[in-house]
Amino acid sequence: MGAMSMARELDVWLFANRVGSLTLVAGRLNFCYASAWLAQPDAFALSTSLPLQAEAFDDPQTRPFFAGLLPEGRMRRLIARQFQISGQNDFALLDYIGGECAGAVTLLRPGQSIFGFPQTDDVQWLSDAEVIALLDELPRRPMLAGTDGFRLSLAGAQDKLPVVFDGERIGLPRHGTPSSHILKPAIHAVAESVRNEAFCLALAAAMQIKSAQTKVHTVLGRAFLLVERYDRSAGERLHQEDFCQALGVMPEMKYQNEGGPNLAQCFELVRRITRPSAPQTLRLFEHVIFNALIGNHDAHAKNFSLLYAGKTPVLAPLYDALSTAVYPALTPKMAMKIGSKYKFGEVEKRHWEQFAESSGLAKAQAKKRILTLAKSLPAVAHKLYAEPEHGFAGSAVVAQIINLIEQRCALTILRLTESANPA
């Protein structure tokens, strides 16, 4: 090779179609759709940020979608170290781990076919002891990087792993087999994070908000979360992308205060690409209000996604809902402003109105939705806590979450109903 840096290439597959190629030229990423894919009558775009076109996309256009498939932070650094590559090298990381990603994307070396793999069920089923060993290994070896037969990638900064769960056993998907669940171990230094997230997602479901199906699974006394993948169905992949990918924003810019998307941009995206968009806009509105009322301050643009399951994209179910506000050590600032405020306690009536305006909803309609949620949430939370079959009763963190919800709902109702000109 000498000093000349060689162009490098990966085929990009969507379901069972080779849709284009990702190339690395002198450190820059390029993506180009395959002419055979563009010629298909039912061809569709890999991402809203990468519309179907014959011309290649340059690095600033290409990188957000593809970097958005990769883990972040410490996990990413450990994976890079595992393969002895630079932590900045998105291309090499995708080459090593881009086999089973979010959505229906698979990255393969040129000449490899997606059909070269046993597509059915090459699953390595684990014994209880092996599950525990896996939980112990994950912090050191994220995504099981470098283990033979595994090329697994999920975005995010927390430890997690795509697995197959058949209701009884947990297994690892090998050689391009689709996973069915995401295994999320307890987060170090966040007390009862497993119970917290399980409760928040169960609460969303109880509020009739479509959310990722989740259960707390315990193996030999160790609890972790199993989240059913909404982008997998009966062993098949469904395509999806998060809002950063759809808006062409790099994952490290996901927080609004670091230049990431704000709520107005998120609503504009949903309005622009869903049909009919009114119900989807309302769903996003409810996700935002729910996250605010439960104290999920980490609801940034990578925690909202578009699901391409039918004829037109829809807002993906709510996921990654964790009440972060119950932990004094975590930030009091929300990932996205409501009106002009990052702190929930500072959100007054006019900020709720600014938010309604930026989301494109009529003030009266928005106010009614917020009040309906705020008035019913505490009772639903108490009921969920009390019903023994859910296993939340007696959990200290769940009691704290309910307490926080009651305070936030009361404050919201007070602020939205107080007269405009107090005496």
# chains A, B, ... in the order shown; residues from 1 in each chain; ligands from 1

$ closest_atom_pairs --of "segment 76-165 of chain A" --to "segment 225-246 of chain A" --cutoff "8 Å" --atoms "only C-alpha atoms" --output "JSON lines"
{"residue": "A:Ala102", "atom": "CA", "partner": "A:Gln240", "partner_atom": "CA", "distance": 6.8}
{"residue": "A:Gly103", "atom": "CA", "partner": "A:His239", "partner_atom": "CA", "distance": 3.9}
{"residue": "A:Ala104", "atom": "CA", "partner": "A:His239", "partner_atom": "CA", "distance": 4.5}
{"residue": "A:Val105", "atom": "CA", "partner": "A:His239", "partner_atom": "CA", "distance": 7.4}

$ write_last_selection --atoms "C-alpha atoms" --output "PDB file, in the first residue's frame"
ATOM      1  CA  ALA A 102     -30.893  -1.453  13.770  1.00  0.00           C
ATOM      2  CA  GLY A 103     -33.384  -1.539  10.908  1.00  0.00           C
ATOM      3  CA  ALA A 104     -32.833  -3.778   7.894  1.00  0.00           C
ATOM      4  CA  VAL A 105     -29.274  -2.758   7.020  1.00  0.00           C
TER       5      VAL A 105
END

$ residues_around --residues "Ala292 of chain A" --least-positions-apart "2" --cutoff "12 Å" --atoms "only C-alpha atoms" --output "PyMOL selection string"
chain A and resi 200+285-290+294-300+321-325+332-338+341-345+347+352+370+373-374+377+404-405+407-409+411-412

$ write_last_selection --atoms "C-alpha atoms" --output "compact mmCIF listing (two decimals), in the first residue's frame"
# COMPACT_ATOMS: atom_id res chain seq x y z
CA CYS A 200 -41.55 3.43 32.59
CA PHE A 285 -46.41 14.94 21.15
CA GLU A 286 -47.53 12.30 23.66
CA HIS A 287 -44.04 10.73 23.75
CA VAL A 288 -42.52 14.12 24.57
CA ILE A 289 -45.07 14.91 27.30
CA PHE A 290 -44.76 11.42 28.78
CA ILE A 294 -41.74 10.73 34.11
CA GLY A 295 -38.47 12.66 34.27
CA ASN A 296 -36.72 11.07 31.28
CA HIS A 297 -34.14 13.81 30.71
CA ASP A 298 -32.24 11.72 28.21
CA ALA A 299 -34.89 11.82 25.45
CA HIS A 300 -32.59 13.11 22.70
CA ALA A 321 -37.71 5.49 28.62
CA LEU A 322 -35.88 5.79 31.93
CA SER A 323 -36.74 8.20 34.73
CA THR A 324 -33.32 9.83 35.04
CA ALA A 325 -34.66 12.66 37.22
CA PRO A 332 -31.46 18.12 35.84
CA LYS A 333 -31.52 19.37 32.25
CA MET A 334 -33.79 17.79 29.65
CA ALA A 335 -32.16 16.72 26.39
CA MET A 336 -34.53 18.96 24.42
CA LYS A 337 -36.06 22.27 25.46
CA ILE A 338 -39.75 22.69 26.12
CA LYS A 341 -36.50 25.86 29.06
CA TYR A 342 -34.20 22.88 29.67
CA LYS A 343 -35.32 22.45 33.30
CA PHE A 344 -38.75 20.99 33.88
CA GLY A 345 -39.34 23.03 37.03
CA VAL A 347 -41.58 25.23 32.37
CA TRP A 352 -45.95 24.76 27.08
CA ILE A 370 -51.19 17.70 28.23
CA LEU A 373 -52.06 12.97 30.42
CA ALA A 374 -51.11 14.86 33.59
CA LEU A 377 -50.82 9.44 34.81
CA LEU A 404 -41.78 12.44 41.01
CA ILE A 405 -44.65 11.86 38.56
CA GLN A 407 -45.17 16.29 41.68
CA ARG A 408 -44.66 16.96 37.97
CA CYS A 409 -48.28 16.28 37.06
CA LEU A 411 -47.18 21.31 38.81
CA THR A 412 -48.20 20.96 35.15

$ residues_around --residues "Leu22 of chain A" --least-positions-apart "3" --cutoff "12 Å" --atoms "only C-alpha atoms" --output "ChimeraX atom specification"
/A:7-13,18-19,25,28-34,56-59,62-63,65-67,90-92,94-95,98,106-110

$ write_last_selection --atoms "N, CA, C and O atoms" --output "tab-separated table (two decimals), in the first residue's frame"
chain	number	residue	atom	x	y	z
A	7	ALA	N	-8.73	3.03	-1.73
A	7	ALA	CA	-10.19	3.10	-1.55
A	7	ALA	C	-10.64	1.78	-0.97
A	7	ALA	O	-10.12	0.73	-1.32
A	8	ARG	N	-11.59	1.84	-0.07
A	8	ARG	CA	-12.11	0.62	0.53
A	8	ARG	C	-13.61	0.63	0.32
A	8	ARG	O	-14.22	1.69	0.25
A	9	GLU	N	-14.18	-0.55	0.25
A	9	GLU	CA	-15.60	-0.61	-0.13
A	9	GLU	C	-16.37	-1.65	0.67
A	9	GLU	O	-15.84	-2.71	0.99
A	10	LEU	N	-17.62	-1.33	1.00
A	10	LEU	CA	-18.54	-2.28	1.61
A	10	LEU	C	-19.86	-2.24	0.85
A	10	LEU	O	-20.31	-1.16	0.47
A	11	ASP	N	-20.45	-3.39	0.62
A	11	ASP	CA	-21.78	-3.42	0.02
A	11	ASP	C	-22.82	-3.16	1.11
A	11	ASP	O	-22.72	-3.69	2.22
A	12	VAL	N	-23.80	-2.33	0.76
A	12	VAL	CA	-24.89	-2.03	1.70
A	12	VAL	C	-26.13	-2.80	1.26
A	12	VAL	O	-26.59	-2.65	0.12
A	13	TRP	N	-26.61	-3.65	2.14
A	13	TRP	CA	-27.80	-4.46	1.84
A	13	TRP	C	-28.96	-3.97	2.69
A	13	TRP	O	-28.80	-3.59	3.85
A	18	ARG	N	-29.08	-5.73	-2.52
A	18	ARG	CA	-27.87	-4.90	-2.45
A	18	ARG	C	-28.26	-3.53	-2.98
A	18	ARG	O	-28.57	-3.38	-4.16
A	19	VAL	N	-28.32	-2.54	-2.10
A	19	VAL	CA	-28.85	-1.24	-2.52
A	19	VAL	C	-27.78	-0.23	-2.88
A	19	VAL	O	-28.08	0.81	-3.48
A	25	VAL	N	-12.52	6.78	0.86
A	25	VAL	CA	-11.47	7.29	0.00
A	25	VAL	C	-10.74	8.39	0.74
A	25	VAL	O	-11.36	9.41	1.10
A	28	ARG	N	-12.46	9.74	3.73
A	28	ARG	CA	-13.80	10.29	3.57
A	28	ARG	C	-14.77	9.18	3.17
A	28	ARG	O	-14.45	8.33	2.34
A	29	LEU	N	-15.96	9.21	3.76
A	29	LEU	CA	-16.99	8.23	3.39
A	29	LEU	C	-17.80	8.73	2.21
A	29	LEU	O	-18.11	9.91	2.11
A	30	ASN	N	-18.15	7.81	1.33
A	30	ASN	CA	-19.09	8.11	0.25
A	30	ASN	C	-20.10	6.98	0.18
A	30	ASN	O	-19.76	5.83	0.42
A	31	PHE	N	-21.34	7.33	-0.17
A	31	PHE	CA	-22.34	6.29	-0.41
A	31	PHE	C	-22.96	6.53	-1.77
A	31	PHE	O	-23.24	7.66	-2.15
A	32	CYS	N	-23.14	5.43	-2.52
A	32	CYS	CA	-23.78	5.56	-3.82
A	32	CYS	C	-24.78	4.42	-3.99
A	32	CYS	O	-24.46	3.25	-3.71
A	33	TYR	N	-26.00	4.76	-4.41
A	33	TYR	CA	-27.00	3.71	-4.67
A	33	TYR	C	-26.58	2.90	-5.90
A	33	TYR	O	-26.02	3.44	-6.85
A	34	ALA	N	-26.87	1.62	-5.88
A	34	ALA	CA	-26.59	0.74	-7.02
A	34	ALA	C	-27.60	1.02	-8.13
A	34	ALA	O	-28.79	1.18	-7.85
A	56	ALA	N	-23.36	10.12	-6.22
A	56	ALA	CA	-22.86	9.68	-4.92
A	56	ALA	C	-23.08	10.77	-3.87
A	56	ALA	O	-23.13	11.95	-4.19
A	57	PHE	N	-23.23	10.35	-2.62
A	57	PHE	CA	-23.32	11.28	-1.49
A	57	PHE	C	-21.92	11.48	-0.90
A	57	PHE	O	-21.17	10.51	-0.77
A	58	ASP	N	-21.59	12.72	-0.55
A	58	ASP	CA	-20.27	12.99	0.01
A	58	ASP	C	-20.24	12.67	1.51
A	58	ASP	O	-21.24	12.24	2.09
A	59	ASP	N	-19.09	12.90	2.13
A	59	ASP	CA	-18.90	12.52	3.52
A	59	ASP	C	-19.91	13.16	4.49
A	59	ASP	O	-20.53	12.45	5.27
A	62	THR	N	-23.18	11.38	3.98
A	62	THR	CA	-23.15	9.94	4.21
A	62	THR	C	-22.96	9.55	5.66
A	62	THR	O	-23.61	8.64	6.17
A	63	ARG	N	-22.05	10.26	6.33
A	63	ARG	CA	-21.60	9.81	7.65
A	63	ARG	C	-22.70	9.72	8.72
A	63	ARG	O	-22.73	8.74	9.47
A	65	PHE	N	-25.87	8.87	8.77
A	65	PHE	CA	-26.67	7.64	8.78
A	65	PHE	C	-25.83	6.45	9.21
A	65	PHE	O	-26.24	5.65	10.07
A	66	PHE	N	-24.64	6.31	8.62
A	66	PHE	CA	-23.85	5.11	8.88
A	66	PHE	C	-23.18	5.14	10.26
A	66	PHE	O	-23.17	4.13	10.97
A	67	ALA	N	-22.67	6.30	10.67
A	67	ALA	CA	-22.12	6.41	12.03
A	67	ALA	C	-23.23	6.16	13.05
A	67	ALA	O	-22.99	5.63	14.13
A	90	ASP	N	-15.20	5.11	11.44
A	90	ASP	CA	-16.54	4.54	11.26
A	90	ASP	C	-16.54	3.38	10.27
A	90	ASP	O	-17.19	2.37	10.48
A	91	PHE	N	-15.80	3.57	9.18
A	91	PHE	CA	-15.81	2.57	8.11
A	91	PHE	C	-15.31	1.22	8.62
A	91	PHE	O	-15.95	0.18	8.41
A	92	ALA	N	-14.15	1.23	9.29
A	92	ALA	CA	-13.58	-0.03	9.79
A	92	ALA	C	-14.50	-0.68	10.83
A	92	ALA	O	-14.69	-1.89	10.83
A	94	LEU	N	-17.76	-0.44	10.97
A	94	LEU	CA	-18.89	-1.05	10.25
A	94	LEU	C	-18.47	-2.34	9.55
A	94	LEU	O	-19.22	-3.30	9.48
A	95	ASP	N	-17.24	-2.36	9.05
A	95	ASP	CA	-16.71	-3.56	8.41
A	95	ASP	C	-16.68	-4.70	9.43
A	95	ASP	O	-17.07	-5.83	9.13
A	98	GLY	N	-20.85	-4.47	11.41
A	98	GLY	CA	-22.09	-4.04	10.77
A	98	GLY	C	-22.93	-5.14	10.13
A	98	GLY	O	-23.49	-4.96	9.06
A	106	THR	N	-27.56	-4.33	6.40
A	106	THR	CA	-26.44	-5.23	6.63
A	106	THR	C	-25.29	-4.76	5.76
A	106	THR	O	-25.50	-4.45	4.58
A	107	LEU	N	-24.10	-4.68	6.33
A	107	LEU	CA	-22.92	-4.29	5.54
A	107	LEU	C	-22.04	-5.51	5.34
A	107	LEU	O	-21.69	-6.19	6.31
A	108	LEU	N	-21.70	-5.79	4.09
A	108	LEU	CA	-20.88	-6.95	3.76
A	108	LEU	C	-19.74	-6.54	2.85
A	108	LEU	O	-19.84	-5.56	2.11
A	109	ARG	N	-18.67	-7.31	2.89
A	109	ARG	CA	-17.57	-7.07	1.95
A	109	ARG	C	-18.06	-7.39	0.53
A	109	ARG	O	-18.87	-8.29	0.34
A	110	PRO	N	-17.56	-6.66	-0.47
A	110	PRO	CA	-17.98	-6.92	-1.85
A	110	PRO	C	-17.77	-8.38	-2.22
A	110	PRO	O	-16.78	-8.99	-1.80

$ select_by_dssp --residues "segment 67-114 of chain A" --states "strand (DSSP E or B)" --output "list in words"
Pro71, Glu100, Val105, Thr106, Leu107 and Leu108 of chain A

$ write_last_selection --atoms "C-alpha atoms" --output "CSV table (one decimal), in the first residue's frame"
chain,number,residue,atom,x,y,z
A,71,PRO,CA,-22.3,2.2,19.5
A,100,GLU,CA,-26.9,-7.1,12.4
A,105,VAL,CA,-29.3,-2.8,7.0
A,106,THR,CA,-26.4,-5.2,6.6
A,107,LEU,CA,-22.9,-4.3,5.5
A,108,LEU,CA,-20.9,-7.0,3.8

$ residues_around --residues "Ala362 of chain A" --least-positions-apart "6" --cutoff "12 Å" --atoms "only C-alpha atoms" --output "PDB file with all heavy atoms, in the first residue's frame"
ATOM      1  N   ALA A 278     -51.089  13.749  10.836  1.00  0.00           N
ATOM      2  CA  ALA A 278     -51.703  14.222  12.092  1.00  0.00           C
ATOM      3  C   ALA A 278     -51.626  13.195  13.232  1.00  0.00           C
ATOM      4  O   ALA A 278     -51.187  13.532  14.331  1.00  0.00           O
ATOM      5  CB  ALA A 278     -53.141  14.677  11.850  1.00  0.00           C
ATOM      6  N   THR A 281     -47.978  12.927  14.410  1.00  0.00           N
ATOM      7  CA  THR A 281     -47.564  14.133  15.133  1.00  0.00           C
ATOM      8  C   THR A 281     -48.083  14.081  16.569  1.00  0.00           C
ATOM      9  O   THR A 281     -47.366  14.380  17.520  1.00  0.00           O
ATOM     10  CB  THR A 281     -48.122  15.391  14.425  1.00  0.00           C
ATOM     11  OG1 THR A 281     -47.754  15.326  13.049  1.00  0.00           O
ATOM     12  CG2 THR A 281     -47.554  16.657  15.023  1.00  0.00           C
ATOM     13  N   LEU A 282     -49.324  13.660  16.708  1.00  0.00           N
ATOM     14  CA  LEU A 282     -49.934  13.545  18.031  1.00  0.00           C
ATOM     15  C   LEU A 282     -49.204  12.491  18.872  1.00  0.00           C
ATOM     16  O   LEU A 282     -48.987  12.678  20.073  1.00  0.00           O
ATOM     17  CB  LEU A 282     -51.415  13.181  17.880  1.00  0.00           C
ATOM     18  CG  LEU A 282     -52.312  13.542  19.054  1.00  0.00           C
ATOM     19  CD1 LEU A 282     -52.160  15.008  19.432  1.00  0.00           C
ATOM     20  CD2 LEU A 282     -53.770  13.248  18.716  1.00  0.00           C
ATOM     21  N   PHE A 285     -46.058  13.980  20.105  1.00  0.00           N
ATOM     22  CA  PHE A 285     -46.413  14.937  21.150  1.00  0.00           C
ATOM     23  C   PHE A 285     -46.592  14.198  22.481  1.00  0.00           C
ATOM     24  O   PHE A 285     -46.061  14.611  23.516  1.00  0.00           O
ATOM     25  CB  PHE A 285     -47.700  15.669  20.747  1.00  0.00           C
ATOM     26  CG  PHE A 285     -48.066  16.823  21.640  1.00  0.00           C
ATOM     27  CD1 PHE A 285     -47.421  18.045  21.497  1.00  0.00           C
ATOM     28  CD2 PHE A 285     -49.048  16.702  22.606  1.00  0.00           C
ATOM     29  CE1 PHE A 285     -47.744  19.122  22.312  1.00  0.00           C
ATOM     30  CE2 PHE A 285     -49.382  17.774  23.428  1.00  0.00           C
ATOM     31  CZ  PHE A 285     -48.724  18.989  23.273  1.00  0.00           C
ATOM     32  N   TRP A 352     -45.126  25.836  27.656  1.00  0.00           N
ATOM     33  CA  TRP A 352     -45.951  24.764  27.077  1.00  0.00           C
ATOM     34  C   TRP A 352     -46.582  25.266  25.777  1.00  0.00           C
ATOM     35  O   TRP A 352     -46.673  24.522  24.794  1.00  0.00           O
ATOM     36  CB  TRP A 352     -47.055  24.341  28.050  1.00  0.00           C
ATOM     37  CG  TRP A 352     -46.603  23.487  29.211  1.00  0.00           C
ATOM     38  CD1 TRP A 352     -46.697  23.794  30.534  1.00  0.00           C
ATOM     39  CD2 TRP A 352     -46.010  22.180  29.149  1.00  0.00           C
ATOM     40  NE1 TRP A 352     -46.182  22.755  31.305  1.00  0.00           N
ATOM     41  CE2 TRP A 352     -45.765  21.759  30.480  1.00  0.00           C
ATOM     42  CE3 TRP A 352     -45.652  21.328  28.093  1.00  0.00           C
ATOM     43  CZ2 TRP A 352     -45.184  20.525  30.790  1.00  0.00           C
ATOM     44  CZ3 TRP A 352     -45.080  20.087  28.409  1.00  0.00           C
ATOM     45  CH2 TRP A 352     -44.851  19.703  29.745  1.00  0.00           C
ATOM     46  N   GLU A 353     -47.001  26.538  25.778  1.00  0.00           N
ATOM     47  CA  GLU A 353     -47.623  27.103  24.572  1.00  0.00           C
ATOM     48  C   GLU A 353     -46.610  27.255  23.440  1.00  0.00           C
ATOM     49  O   GLU A 353     -46.912  26.966  22.280  1.00  0.00           O
ATOM     50  CB  GLU A 353     -48.306  28.439  24.904  1.00  0.00           C
ATOM     51  CG  GLU A 353     -49.587  28.231  25.713  1.00  0.00           C
ATOM     52  CD  GLU A 353     -50.240  29.530  26.179  1.00  0.00           C
ATOM     53  OE1 GLU A 353     -49.592  30.605  26.083  1.00  0.00           O
ATOM     54  OE2 GLU A 353     -51.403  29.464  26.634  1.00  0.00           O
ATOM     55  N   GLN A 354     -45.383  27.675  23.788  1.00  0.00           N
ATOM     56  CA  GLN A 354     -44.314  27.767  22.776  1.00  0.00           C
ATOM     57  C   GLN A 354     -44.062  26.383  22.172  1.00  0.00           C
ATOM     58  O   GLN A 354     -43.886  26.238  20.965  1.00  0.00           O
ATOM     59  CB  GLN A 354     -42.997  28.255  23.414  1.00  0.00           C
ATOM     60  CG  GLN A 354     -42.936  29.731  23.744  1.00  0.00           C
ATOM     61  CD  GLN A 354     -41.707  30.055  24.617  1.00  0.00           C
ATOM     62  OE1 GLN A 354     -40.945  29.168  25.022  1.00  0.00           O
ATOM     63  NE2 GLN A 354     -41.525  31.340  24.912  1.00  0.00           N
ATOM     64  N   PHE A 355     -44.031  25.387  23.058  1.00  0.00           N
ATOM     65  CA  PHE A 355     -43.797  24.010  22.591  1.00  0.00           C
ATOM     66  C   PHE A 355     -44.920  23.560  21.660  1.00  0.00           C
ATOM     67  O   PHE A 355     -44.670  22.995  20.592  1.00  0.00           O
ATOM     68  CB  PHE A 355     -43.660  23.070  23.801  1.00  0.00           C
ATOM     69  CG  PHE A 355     -43.859  21.613  23.468  1.00  0.00           C
ATOM     70  CD1 PHE A 355     -43.095  20.993  22.483  1.00  0.00           C
ATOM     71  CD2 PHE A 355     -44.815  20.860  24.133  1.00  0.00           C
ATOM     72  CE1 PHE A 355     -43.285  19.652  22.166  1.00  0.00           C
ATOM     73  CE2 PHE A 355     -45.003  19.524  23.827  1.00  0.00           C
ATOM     74  CZ  PHE A 355     -44.236  18.922  22.838  1.00  0.00           C
ATOM     75  N   ALA A 356     -46.173  23.835  22.034  1.00  0.00           N
ATOM     76  CA  ALA A 356     -47.318  23.465  21.195  1.00  0.00           C
ATOM     77  C   ALA A 356     -47.185  24.104  19.822  1.00  0.00           C
ATOM     78  O   ALA A 356     -47.370  23.457  18.785  1.00  0.00           O
ATOM     79  CB  ALA A 356     -48.625  23.896  21.859  1.00  0.00           C
ATOM     80  N   LYS A 368     -55.177  20.577  26.065  1.00  0.00           N
ATOM     81  CA  LYS A 368     -56.100  19.510  26.451  1.00  0.00           C
ATOM     82  C   LYS A 368     -55.364  18.167  26.564  1.00  0.00           C
ATOM     83  O   LYS A 368     -55.564  17.419  27.517  1.00  0.00           O
ATOM     84  CB  LYS A 368     -57.227  19.436  25.413  1.00  0.00           C
ATOM     85  CG  LYS A 368     -58.453  18.694  25.891  1.00  0.00           C
ATOM     86  CD  LYS A 368     -59.577  18.774  24.866  1.00  0.00           C
ATOM     87  CE  LYS A 368     -60.457  17.534  24.999  1.00  0.00           C
ATOM     88  NZ  LYS A 368     -61.366  17.376  23.881  1.00  0.00           N
ATOM     89  N   ARG A 369     -54.488  17.882  25.572  1.00  0.00           N
ATOM     90  CA  ARG A 369     -53.718  16.622  25.599  1.00  0.00           C
ATOM     91  C   ARG A 369     -52.809  16.565  26.824  1.00  0.00           C
ATOM     92  O   ARG A 369     -52.699  15.534  27.490  1.00  0.00           O
ATOM     93  CB  ARG A 369     -52.831  16.468  24.356  1.00  0.00           C
ATOM     94  CG  ARG A 369     -53.500  16.415  23.020  1.00  0.00           C
ATOM     95  CD  ARG A 369     -54.497  15.324  22.848  1.00  0.00           C
ATOM     96  NE  ARG A 369     -54.045  13.955  23.105  1.00  0.00           N
ATOM     97  CZ  ARG A 369     -54.805  12.888  22.892  1.00  0.00           C
ATOM     98  NH1 ARG A 369     -56.030  13.023  22.421  1.00  0.00           N
ATOM     99  NH2 ARG A 369     -54.358  11.689  23.150  1.00  0.00           N
TER     100      ARG A 369
END

$ atom_distance --atom1 "atom CA of Asp320 of chain A" --atom2 "atom CA of Ala198 of chain A"
9.6 Å

$ select_by_dssp --residues "segment 83-305 of chain A" --states "helix (DSSP H, G or I)" --output "MDAnalysis selection string"
chainID A and resid 83 90:97 114:116 128:137 142:144 193:206 243:247 251:253 256:258 263:273 277:294 301:303

$ residues_around --residues "segment 261-263 of chain A" --least-positions-apart "4" --cutoff "7 Å" --atoms "only C-alpha atoms" --output "list in words"
Lys254, Gln256, Phe267, Ala301 and Met336 of chain A

$ residues_around --residues "Phe224 of chain A" --least-positions-apart "3" --cutoff "7 Å" --atoms "only C-alpha atoms" --output "number ranges by chain"
A: 184-186, 194, 216-218

$ atom_distance --atom1 "atom CA of Gly248 of chain A" --atom2 "atom CA of Glu55 of chain A"
17.3 Å

$ closest_residue --among "A:Arg74, A:Arg169, A:Lys349, A:His390" --to "Lys367 of chain A" --atoms "only C-alpha atoms"
A:Lys349
